[in-house]
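Have a look at the structure below, then the notes.
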Amino acid sequence: MIRMRILLLTTSYPTAPGDFRGGFVEDYARELASLGHDVHVLVPHPGGDALESESANGITIERIRSPRLLGDGSSAFGELGVLTAVAHTPAKAADVALALAALTRRALEAARSSDLVITHWLVPGGIIGAVLSHLRGIPHIAVEHGGGARVLARMPGRALALRFILSGSAAVQLVSRQIKERLAQAVPSCAERLEALSLVFPAPIASDGQVPSARHYLPPSRILFVGRLVPGKGLEILLTAMRQLRHARLTVVGDGPQRTLLADPTDGDGLRSRVTLTGFVPRPDLDVIYRAHDILVIPSLAGLFDQVQGNGASPKSDVRGAPRPLQAQVGVDVHAGNALTAGSLPRSTGEGLPRVLLEGMAAGLVPVVSRVGGMPDLVRDGENGLVFPPGDAEALARCLRSLANNPKLCARLSARARKAAARYTFPQLARLLDIRLRAVGIEHRLERPRFLRRHR
């Protein structure tokens, strides 16, 4: 068995237990280490008191500091992400550029002692990985979760950028088929090459082997939302739908600026008494929460990438009537019984294939998801869950009402959801990933020109 030294580049990685930033990248690194590889993670330093380096269980994490023009950089690589930070304060682009330059410089040094480089997000990670591949002769695998693809599809010179990334990549792992299709539509000239390099599967999820607790799906419905409380995740849509359900109870797991939505002092319809906010919950503790609920709702709104490419149903026109406090806090029009207008949709990044969706389905929850990103690839409406148009609170309310009134339907969807998620557990996908990684390493060593081997 080949033990590889893997260089993993990312712009987001947790700094401490409970830090949600880049948690799925951390999972990816752990899976690689568990397969017997040495993993060296390079990530820009997020500012504050985060350690510059640490090492444990086969993973070395190195956080790269860089010169800063506007503070310590925590706001650029923070809660809402780089793109949001730059959109709010364009001058922060200079901080981001300096951080990426420092990351690239250190990656060029680390690549000399690495067998393989894996980058997360096509922009900017895939570009840096392609540079390493061309200059150091090291095989590169680009991993795309959705956000980088959407940026690439809208940026000037996208065809040139994607051709460069693909020319320096041995494979491109995409978390959903939808991402590959949207990239091919955005850059048709690269479609054939993208098809040849694509590996479409998400990062594996853990499976504890326990049988999900028995559920009878009797009223009141126990509904669960898990995610960052930020614009684009659709929490406001879920709360609007909940106002139409008299007895359903909702648990919100997560934290972020939109937690203020749950602190509405005017509560004439009793919503506050039926909603519980837990704050952030570490993944190991989520299993207990999953088993205490019946339905998992992921109401993410369509990002600009989804809208431009025509993903999902077109939102309806709006009608007045939603509670004013909710409208004021969200900053968009949310009207009971109607979808958001296209112009009022937040500038979100949409979804790839959320890890929480796979985890919830594996635990036996009935998934109710918006038609965004790769979620419809996994959730088939009426077969193993329910799907509704993004931003349509009335459609979401109808889905939840149909489940509340039909325990047999819930049981059938739950069983099929567990079966679908079983294909994405660690034993299945981790082996597939490992086989592909090792094949890439072997193929590249066989094909690498002698001068590259000599001067590596």
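Chains: A, B, ... in order of the structure tokens. Residues: from 1 per chain. Ligands: from 1, in order shown.
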
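When the distance limit is 6 Å and only C-alpha atoms are what count, the residues near Pro299 of chain A, minus those fewer than 6 positions from it on the same chain, are A:Gly234, A:Val369, A:Ser370.
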
Requested write-out: C-alpha atoms of the selected residues, as a tab-separated table (two decimals), in the first residue's frame:
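New file part.tsv:
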```tsv
chain	number	residue	atom	x	y	z
A	234	GLY	CA	-33.45	30.35	4.06
A	369	VAL	CA	-35.26	20.61	0.72
A	370	SER	CA	-35.36	23.48	-1.74
```

Surrounding residues of segment 172-184 of chain A excluding itself and chain neighbours under 5 positions, 8 Å, only C-alpha atoms, as a count of residues only: 27

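For the pair atom CA of Ile223 of chain A and atom CA of Leu235 of chain A, the interatomic distance is 12.6 Å.
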
Nearest-residue call for Val372 of chain A, choices A:Val387, A:Ile289, A:Ala411, A:Ala186, using only C-alpha atoms: A:Val387

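Distance-wise, atom CA of Ala111 of chain A and atom CA of Gly48 of chain A end up 27.4 Å apart.
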
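One finds atom CA of Arg438 of chain A at 18.7 Å from atom CA of Leu132 of chain A.
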
Nearest-residue call for Pro139 of chain A, choices A:Arg228, A:Pro220, A:Leu7, A:Gly391, using only C-alpha atoms: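 Closest to Pro139 of chain A of all the choices is A:Leu7.
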